[in-house]
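Dumped upload_7.pdb below, it's PDB, C-alpha atoms:
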ATOM      1  CA  MET A   1     154.680 172.328 100.326
ATOM      2  CA  SER A   2     156.972 169.396 101.060
ATOM      3  CA  ALA A   3     154.812 168.617 104.116
ATOM      4  CA  ILE A   4     151.694 168.438 101.980
ATOM      5  CA  LEU A   5     153.187 165.970  99.493
ATOM      6  CA  PRO A   6     153.485 162.984 101.895
ATOM      7  CA  LEU A   7     149.941 163.670 103.038
ATOM      8  CA  HIS A   8     148.750 163.540  99.443
ATOM      9  CA  ARG A   9     150.614 160.345  98.889
ATOM     10  CA  THR A  10     149.019 158.752 101.967
ATOM     11  CA  THR A  11     145.552 159.844 100.870
ATOM     12  CA  ILE A  12     146.063 158.480  97.386
ATOM     13  CA  LEU A  13     147.378 155.227  98.801
ATOM     14  CA  ALA A  14     144.431 154.910 101.177
ATOM     15  CA  ALA A  15     141.993 155.681  98.385
ATOM     16  CA  SER A  16     143.635 153.121  96.123
ATOM     17  CA  VAL A  17     143.483 150.453  98.809
ATOM     18  CA  SER A  18     139.821 151.263  99.497
ATOM     19  CA  PHE A  19     139.019 151.143  95.790
ATOM     20  CA  ALA A  20     140.818 147.820  95.396
ATOM     21  CA  LEU A  21     138.963 146.403  98.388
ATOM     22  CA  PHE A  22     135.650 147.679  97.066
ATOM     23  CA  ALA A  23     136.366 146.237  93.636
ATOM     24  CA  GLY A  24     137.229 142.931  95.253
ATOM     25  CA  CYS A  25     133.990 142.910  97.200
ATOM     26  CA  SER A  26     131.849 143.877  94.241
ATOM     27  CA  ASN A  27     133.288 140.967  92.234
ATOM     28  CA  ALA A  28     132.614 138.487  94.989
ATOM     29  CA  PRO A  29     130.351 135.681  93.761
ATOM     30  CA  THR A  30     126.719 136.300  94.586
ATOM     31  CA  LYS A  31     123.620 134.146  94.570
ATOM     32  CA  PRO A  32     122.456 133.854  90.941
ATOM     33  CA  ASP A  33     119.445 135.878  89.789
ATOM     34  CA  GLY A  34     116.255 133.864  89.935
ATOM     35  CA  ALA A  35     117.509 131.441  92.588
ATOM     36  CA  GLU A  36     115.260 132.962  95.204
ATOM     37  CA  SER A  37     112.180 132.749  93.020
ATOM     38  CA  VAL A  38     112.869 129.056  92.314
ATOM     39  CA  ARG A  39     113.272 128.448  96.042
ATOM     40  CA  ASN A  40     109.872 130.086  96.628
ATOM     41  CA  LYS A  41     108.301 127.949  93.918
ATOM     42  CA  LEU A  42     109.709 124.822  95.563
ATOM     43  CA  ALA A  43     108.522 125.953  99.009
ATOM     44  CA  GLN A  44     105.002 126.428  97.616
ATOM     45  CA  LEU A  45     105.028 122.900  96.225
ATOM     46  CA  GLN A  46     106.367 121.481  99.480
ATOM     47  CA  SER A  47     103.644 123.209 101.479
ATOM     48  CA  ASN A  48     100.859 122.025  99.161
ATOM     49  CA  ARG A  49      99.088 119.251 101.071
ATOM     50  CA  ASP A  50      97.736 117.629  97.930
ATOM     51  CA  LEU A  51     101.027 117.519  96.077
ATOM     52  CA  ALA A  52     103.914 117.547  98.562
ATOM     53  CA  THR A  53     104.088 113.780  99.063
ATOM     54  CA  ARG A  54     103.004 112.564  95.659
ATOM     55  CA  ALA A  55     106.272 112.722  93.709
ATOM     56  CA  PRO A  56     108.972 112.168  96.352
ATOM     57  CA  LEU A  57     111.832 111.300  93.989
ATOM     58  CA  ALA A  58     111.240 114.225  91.658
ATOM     59  CA  LEU A  59     110.841 116.531  94.633
ATOM     60  CA  ARG A  60     114.147 115.378  96.098
ATOM     61  CA  ASP A  61     115.816 115.907  92.740
ATOM     62  CA  ALA A  62     114.308 119.406  92.550
ATOM     63  CA  GLU A  63     115.466 120.215  96.076
ATOM     64  CA  GLY A  64     119.042 119.253  95.142
ATOM     65  CA  ALA A  65     118.873 121.334  91.972
ATOM     66  CA  VAL A  66     117.585 124.367  93.888
ATOM     67  CA  ARG A  67     120.363 124.016  96.442
ATOM     68  CA  ALA A  68     122.929 123.902  93.631
ATOM     69  CA  ALA A  69     121.333 126.944  91.998
ATOM     70  CA  GLU A  70     121.590 128.915  95.224
ATOM     71  CA  GLN A  71     125.365 128.547  95.399
ATOM     72  CA  PRO A  72     127.171 131.793  94.578
ATOM     73  CA  GLN A  73     128.998 131.447  91.264
ATOM     74  CA  ASP A  74     131.951 133.321  89.802
ATOM     75  CA  GLU A  75     130.524 132.744  86.358
ATOM     76  CA  ILE A  76     127.136 134.354  85.723
ATOM     77  CA  ALA A  77     126.295 131.951  82.870
ATOM     78  CA  LEU A  78     126.827 128.931  85.130
ATOM     79  CA  GLY A  79     124.525 130.436  87.734
ATOM     80  CA  GLN A  80     121.835 131.026  85.117
ATOM     81  CA  HIS A  81     122.231 127.482  83.823
ATOM     82  CA  LEU A  82     121.750 126.020  87.307
ATOM     83  CA  VAL A  83     118.722 128.245  87.939
ATOM     84  CA  PHE A  84     117.191 127.072  84.640
ATOM     85  CA  LEU A  85     117.675 123.410  85.568
ATOM     86  CA  ALA A  86     116.263 123.950  89.066
ATOM     87  CA  ASP A  87     113.227 125.809  87.723
ATOM     88  CA  ARG A  88     112.359 123.040  85.249
ATOM     89  CA  LYS A  89     112.897 120.337  87.863
ATOM     90  CA  VAL A  90     110.533 122.033  90.322
ATOM     91  CA  ASP A  91     107.898 122.326  87.581
ATOM     92  CA  LYS A  92     108.452 118.693  86.635
ATOM     93  CA  ALA A  93     107.983 117.590  90.269
ATOM     94  CA  ARG A  94     104.724 119.554  90.393
ATOM     95  CA  ALA A  95     103.444 118.014  87.145
ATOM     96  CA  LEU A  96     104.300 114.486  88.308
ATOM     97  CA  ALA A  97     102.568 115.099  91.647
ATOM     98  CA  GLU A  98      99.488 116.426  89.823
ATOM     99  CA  SER A  99      99.473 113.275  87.658
ATOM    100  CA  GLN A 100      99.603 111.062  90.717
ATOM    101  CA  LEU A 101      96.861 113.077  92.406
ATOM    102  CA  ALA A 102      94.626 112.665  89.334
ATOM    103  CA  VAL A 103      95.234 108.896  89.328
ATOM    104  CA  GLU A 104      94.340 108.672  93.019
ATOM    105  CA  GLN A 105      91.214 110.810  92.588
ATOM    106  CA  ARG A 106      90.025 108.513  89.789
ATOM    107  CA  LYS A 107      88.981 105.754  92.193
ATOM    108  CA  ASP A 108      86.472 108.071  93.896
ATOM    109  CA  LEU A 109      85.244 109.444  90.584
ATOM    110  CA  ASN A 110      84.645 105.920  89.242
ATOM    111  CA  GLU A 111      82.796 104.986  92.416
ATOM    112  CA  GLN A 112      80.579 108.062  92.081
ATOM    113  CA  ARG A 113      79.799 107.171  88.470
ATOM    114  CA  GLU A 114      79.054 103.546  89.349
ATOM    115  CA  ALA A 115      76.760 104.674  92.167
ATOM    116  CA  MET A 116      74.945 106.939  89.721
ATOM    117  CA  ARG A 117      74.592 104.079  87.197
ATOM    118  CA  LEU A 118      73.228 101.783  89.869
ATOM    119  CA  GLN A 119      70.756 104.431  90.950
ATOM    120  CA  ALA A 120      69.613 104.900  87.343
ATOM    121  CA  ARG A 121      69.153 101.146  86.822
ATOM    122  CA  THR A 122      67.271 100.760  90.106
ATOM    123  CA  LYS A 123      64.930 103.598  89.151
ATOM    124  CA  GLU A 124      64.364 102.079  85.732
ATOM    125  CA  ALA A 125      63.657  98.656  87.239
ATOM    126  CA  ASP A 126      61.277 100.186  89.792
ATOM    127  CA  SER A 127      59.365 102.060  87.138
ATOM    128  CA  SER A 128      59.059  99.008  84.867
ATOM    129  CA  ASN A 129      57.856  96.960  87.852
ATOM    130  CA  ARG A 130      55.262  99.610  88.595
ATOM    131  CA  ARG A 131      54.188  99.609  84.940
ATOM    132  CA  GLY A 132      53.845  95.793  85.074
ATOM    133  CA  VAL A 133      51.683  95.920  88.208
ATOM    134  CA  GLY A 134      49.545  98.609  86.613
ATOM    135  CA  THR A 135      48.952  96.466  83.491
ATOM    136  CA  ILE A 136      47.965  93.434  85.611
ATOM    137  CA  ASN A 137      45.548  95.543  87.646
ATOM    138  CA  ALA A 138      44.017  96.931  84.467
ATOM    139  CA  HIS A 139      43.448  93.405  83.117
ATOM    140  CA  GLU A 140      41.775  92.319  86.357
TER
ATOM    141  CA  MET B   1     183.528 132.891  96.830
ATOM    142  CA  THR B   2     182.489 133.562  93.241
ATOM    143  CA  ARG B   3     181.664 129.897  92.813
ATOM    144  CA  ASN B   4     179.514 129.917  95.965
ATOM    145  CA  ALA B   5     177.796 133.083  94.854
ATOM    146  CA  PHE B   6     177.010 131.463  91.481
ATOM    147  CA  ARG B   7     175.642 128.359  93.238
ATOM    148  CA  SER B   8     173.366 130.374  95.496
ATOM    149  CA  ASP B   9     172.348 132.427  92.450
ATOM    150  CA  SER B  10     171.384 129.333  90.492
ATOM    151  CA  ARG B  11     169.373 128.105  93.467
ATOM    152  CA  LEU B  12     167.652 131.435  93.540
ATOM    153  CA  TRP B  13     166.462 131.285  89.956
ATOM    154  CA  ARG B  14     165.772 127.550  89.932
ATOM    155  CA  ALA B  15     162.715 127.907  92.182
ATOM    156  CA  PRO B  16     160.936 130.519  90.025
ATOM    157  CA  LEU B  17     161.801 128.486  86.929
ATOM    158  CA  ILE B  18     160.185 125.357  88.357
ATOM    159  CA  ALA B  19     157.197 127.400  89.492
ATOM    160  CA  GLY B  20     156.936 128.903  86.014
ATOM    161  CA  ILE B  21     157.018 125.521  84.301
ATOM    162  CA  GLY B  22     154.443 124.207  86.769
ATOM    163  CA  SER B  23     152.142 127.145  86.100
ATOM    164  CA  ALA B  24     152.552 126.714  82.352
ATOM    165  CA  LEU B  25     151.626 123.054  82.630
ATOM    166  CA  LEU B  26     148.602 123.881  84.775
ATOM    167  CA  PHE B  27     147.536 126.574  82.333
ATOM    168  CA  ALA B  28     147.920 124.168  79.438
ATOM    169  CA  ALA B  29     145.772 121.612  81.256
ATOM    170  CA  CYS B  30     143.071 124.204  81.880
ATOM    171  CA  ALA B  31     143.199 125.481  78.327
ATOM    172  CA  THR B  32     142.598 121.990  76.925
ATOM    173  CA  THR B  33     139.122 121.864  75.414
ATOM    174  CA  SER B  34     136.483 119.843  77.281
ATOM    175  CA  PRO B  35     135.369 116.614  75.661
ATOM    176  CA  GLU B  36     132.395 116.657  73.317
ATOM    177  CA  PRO B  37     129.153 116.328  75.342
ATOM    178  CA  THR B  38     127.960 113.299  73.363
ATOM    179  CA  LEU B  39     126.153 111.713  76.287
ATOM    180  CA  ALA B  40     124.327 114.912  77.268
ATOM    181  CA  ILE B  41     123.193 115.463  73.669
ATOM    182  CA  ARG B  42     122.040 111.858  73.292
ATOM    183  CA  SER B  43     120.093 112.085  76.577
ATOM    184  CA  ALA B  44     118.415 115.275  75.377
ATOM    185  CA  GLU B  45     117.490 113.639  72.066
ATOM    186  CA  GLN B  46     115.974 110.660  73.880
ATOM    187  CA  ALA B  47     114.009 112.887  76.270
ATOM    188  CA  ILE B  48     112.654 114.880  73.298
ATOM    189  CA  ALA B  49     111.678 111.671  71.465
ATOM    190  CA  ALA B  50     109.867 110.411  74.584
ATOM    191  CA  ALA B  51     107.962 113.680  75.009
ATOM    192  CA  ASP B  52     107.108 113.730  71.317
ATOM    193  CA  GLN B  53     105.689 110.211  71.553
ATOM    194  CA  ALA B  54     103.638 111.040  74.649
ATOM    195  CA  ARG B  55     102.301 114.222  73.093
ATOM    196  CA  VAL B  56      98.745 114.298  71.788
ATOM    197  CA  ALA B  57      98.833 115.134  68.076
ATOM    198  CA  ASP B  58      98.430 118.847  67.325
ATOM    199  CA  ALA B  59      98.620 119.763  71.002
ATOM    200  CA  ALA B  60     101.131 122.577  71.491
ATOM    201  CA  SER B  61     103.882 122.066  74.038
ATOM    202  CA  PRO B  62     106.005 125.184  74.639
ATOM    203  CA  ASP B  63     108.381 123.138  76.812
ATOM    204  CA  LEU B  64     108.966 120.655  74.019
ATOM    205  CA  ASN B  65     109.625 123.508  71.597
ATOM    206  CA  GLU B  66     112.088 124.976  74.065
ATOM    207  CA  ALA B  67     113.800 121.586  74.395
ATOM    208  CA  ARG B  68     114.193 121.369  70.623
ATOM    209  CA  GLU B  69     115.577 124.902  70.401
ATOM    210  CA  LYS B  70     118.069 124.190  73.181
ATOM    211  CA  LEU B  71     119.175 120.983  71.489
ATOM    212  CA  THR B  72     119.769 122.813  68.196
ATOM    213  CA  ALA B  73     121.740 125.477  70.073
ATOM    214  CA  ALA B  74     123.760 122.764  71.850
ATOM    215  CA  GLN B  75     124.643 121.111  68.549
ATOM    216  CA  ARG B  76     125.641 124.502  67.132
ATOM    217  CA  ALA B  77     127.853 125.201  70.158
ATOM    218  CA  VAL B  78     129.582 121.835  69.757
ATOM    219  CA  LYS B  79     130.183 122.604  66.067
ATOM    220  CA  ASN B  80     131.812 125.865  67.177
ATOM    221  CA  ASP B  81     134.013 123.915  69.624
ATOM    222  CA  ASP B  82     132.289 125.447  72.639
ATOM    223  CA  MET B  83     131.904 122.185  74.507
ATOM    224  CA  VAL B  84     131.042 123.715  77.886
ATOM    225  CA  GLU B  85     128.158 125.705  76.421
ATOM    226  CA  GLY B  86     127.152 122.676  74.343
ATOM    227  CA  GLU B  87     126.929 120.502  77.434
ATOM    228  CA  ARG B  88     124.945 123.100  79.382
ATOM    229  CA  LEU B  89     122.470 123.601  76.555
ATOM    230  CA  ALA B  90     122.074 119.843  76.119
ATOM    231  CA  ARG B  91     121.298 119.473  79.829
ATOM    232  CA  GLU B  92     118.792 122.329  79.646
ATOM    233  CA  SER B  93     117.217 120.686  76.601
ATOM    234  CA  ARG B  94     116.795 117.427  78.497
ATOM    235  CA  ALA B  95     115.305 119.198  81.536
ATOM    236  CA  ALA B  96     112.802 121.019  79.308
ATOM    237  CA  ALA B  97     111.886 117.800  77.470
ATOM    238  CA  GLU B  98     111.359 115.915  80.726
ATOM    239  CA  LEU B  99     109.160 118.727  81.985
ATOM    240  CA  ALA B 100     107.186 118.549  78.725
ATOM    241  CA  SER B 101     106.639 114.806  79.233
ATOM    242  CA  ALA B 102     105.521 115.303  82.832
ATOM    243  CA  LYS B 103     103.063 118.050  81.827
ATOM    244  CA  ILE B 104     101.690 115.968  78.933
ATOM    245  CA  GLU B 105     101.169 113.032  81.275
ATOM    246  CA  ALA B 106      99.435 115.221  83.874
ATOM    247  CA  ALA B 107      97.154 116.682  81.189
ATOM    248  CA  LYS B 108      96.216 113.169  80.026
ATOM    249  CA  GLU B 109      95.394 112.015  83.548
ATOM    250  CA  ARG B 110      93.268 115.107  84.145
ATOM    251  CA  ALA B 111      91.470 114.527  80.836
ATOM    252  CA  VAL B 112      90.521 110.960  81.876
ATOM    253  CA  ASN B 113      89.081 112.323  85.147
ATOM    254  CA  ASP B 114      87.194 115.037  83.290
ATOM    255  CA  ASP B 115      85.627 112.362  81.049
ATOM    256  CA  ILE B 116      84.445 110.395  84.082
ATOM    257  CA  LYS B 117      83.025 113.550  85.683
ATOM    258  CA  ARG B 118      81.216 114.441  82.453
ATOM    259  CA  SER B 119      79.650 111.011  82.105
ATOM    260  CA  THR B 120      78.518 111.088  85.745
ATOM    261  CA  VAL B 121      76.869 114.464  85.157
ATOM    262  CA  THR B 122      75.205 113.137  81.976
ATOM    263  CA  LEU B 123      73.810 110.145  83.894
ATOM    264  CA  ALA B 124      72.472 112.434  86.615
ATOM    265  CA  GLN B 125      70.838 114.695  84.022
ATOM    266  CA  GLU B 126      69.204 111.701  82.272
ATOM    267  CA  MET B 127      67.826 110.453  85.578
ATOM    268  CA  GLN B 128      66.474 113.892  86.319
ATOM    269  CA  ARG B 129      64.876 114.141  82.858
ATOM    270  CA  ASN B 130      63.273 110.705  83.153
ATOM    271  CA  SER B 131      61.797 111.439  86.558
ATOM    272  CA  THR B 132      60.324 114.770  85.406
ATOM    273  CA  SER B 133      59.064 113.526  82.010
ATOM    274  CA  GLY B 134      56.686 111.059  83.626
ATOM    275  CA  VAL B 135      58.695 107.875  83.396
ATOM    276  CA  LYS B 136      57.610 106.424  86.711
TER
END

Show me this structure written as structure tokens.
Amino acid sequence: MSAILPLHRTTILAASVSFALFAGCSNAPTKPDGAESVRNKLAQLQSNRDLATRAPLALRDAEGAVRAAEQPQDEIALGQHLVFLADRKVDKARALAESQLAVEQRKDLNEQREAMRLQARTKEADSSNRRGVGTINAHE
Amino acid sequence: MTRNAFRSDSRLWRAPLIAGIGSALLFAACATTSPEPTLAIRSAEQAIAAADQARVADAASPDLNEAREKLTAAQRAVKNDDMVEGERLARESRAAAELASAKIEAAKERAVNDDIKRSTVTLAQEMQRNSTSGVK
């Protein structure tokens, strides 16, 4: 019986140490929830040929915010706060890039409309010329 | 001998005492409330005002609504002396308001392009109509 007691004590001690270690590991700061999804959103924007280069400052700001959001935090609320900021900054960068793209596309759209106007005027002029020639011929 | 023992004793308890006072001071410094996030709240208010001005009347902006809600929550947190939460909420409010502005701007730019596209299509349709209705 007295031989069993030290064994028990050792087992209990080992179990306690393991539990303490496990508890320590489980409380270790982890990457905040949502950080990965924001990183994916940013990666999508960065790989979009139409948008990736159109809002460089906002994109750099978003990249910094995503990096900050990916840092493991002891405090869950802080992690969530940083993920929120990063998410909105990525969306903002996308919106600004879309704005810039629309502005750049406008030149082509205006040219297309002007070409169409010119075509319409030319057709109208041609038809009135033809009408004029027809009237002269009728008089002769 | 007794005197020496007392001296070494006093040295023994002096170190923990100093450490204790140091810890207390550090704790007191940490426990001090953070300053009021006046700047963060003002920035959020300005960002909301800018988004509100850019907004087309009657057009809904969920991001702008979120910014307003966050700002109200930030002001409430400050009133409750929770300065850290107040600052975080104010920053979130600003981020949401700036996103709202960016989306509003993008929508406006797209709308201008859509107008141009529509008028080009109308011109093309008129030309088509004129050429088929015998205007030669």

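Here the PyMOL selection byres ((chain A) within 6 of (chain B)) captures the residues Lys92, Ala95, Leu96, Ser99, Ala102, Arg113 and Ser127 of chain A.
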
Selected residue, from A:Pro29, A:Gly64, A:Gly132, A:Pro56, that lies nearest to Leu85 of chain A when counting all atoms listed in the file: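 Between A:Pro29, A:Gly64, A:Gly132, A:Pro56, the residue approaching Leu85 of chain A most closely is A:Gly64.
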
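Distances from B:Ala90, B:Ala40, B:Ala47, B:Ala57 to Glu69 of chain B were compared using only C-alpha atoms, and the smallest one belongs to B:Ala90.
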
Distance in Å - atom CA of Gln100 of chain A versus atom CA of Ile41 of chain B: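 For atom CA of Gln100 of chain A relative to atom CA of Ile41 of chain B, the distance reads 29.4 Å.
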
Selection under test: the PyMOL selection byres ((chain A and resi 51) around 9); residues as a ChimeraX atom specification: /A:45-50,52-55,94,96-98,100-101

Which of A:Ile76, A:Ala93, A:Ala120, A:Val133 sits closest to Lys31 of chain A [using only C-alpha atoms]: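 Of all the options, A:Ile76 lies closest to Lys31 of chain A.
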
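Proximity ranking of B:Gln46, B:Asn80, B:Ser133, B:Gln53 relative to Ala67 of chain B places B:Gln46 first, based on only C-alpha atoms.
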
Å distance separating atom CA of Ser34 of chain B from atom CA of Met83 of chain B, one decimal place: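 Going from atom CA of Ser34 of chain B over to atom CA of Met83 of chain B, I get 5.8 Å.
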
Two-atom distance - atom CA of Phe84 of chain A, atom CA of Lys79 of chain B (Å): 23.1 Å

Radius query 12 Å about (121.6, 122.0, 93.3), atoms used: all atoms listed in the file, as JSON, numbers by chain: {"A": [35, 38, 39, 60, 61, 62, 63, 64, 65, 66, 67, 68, 69, 70, 71, 72, 78, 79, 81, 82, 83, 84, 85, 86, 87, 89, 90]}

For Ile48 of chain B, the nearest of the candidates B:Gln75, B:Arg68, B:Gly86, B:Thr132, counting all atoms listed in the file: B:Arg68

Shortest interatomic distance to Glu75 of chain A - which of A:Ser37, A:Pro32, A:Leu59, A:Asn110, counting only C-alpha atoms: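 Nearest to Glu75 of chain A: A:Pro32.
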
With all atoms of segment 90-109 of chain B from the file as input, state the centre and edge lengths in Å to one decimal of the axis-aligned box that has 3 Å extra on each side, as lines of an AutoDock Vina configuration file.
center_x = 108.7
center_y = 117.2
center_z = 80.0
size_x = 32.7
size_y = 16.3
size_z = 13.8
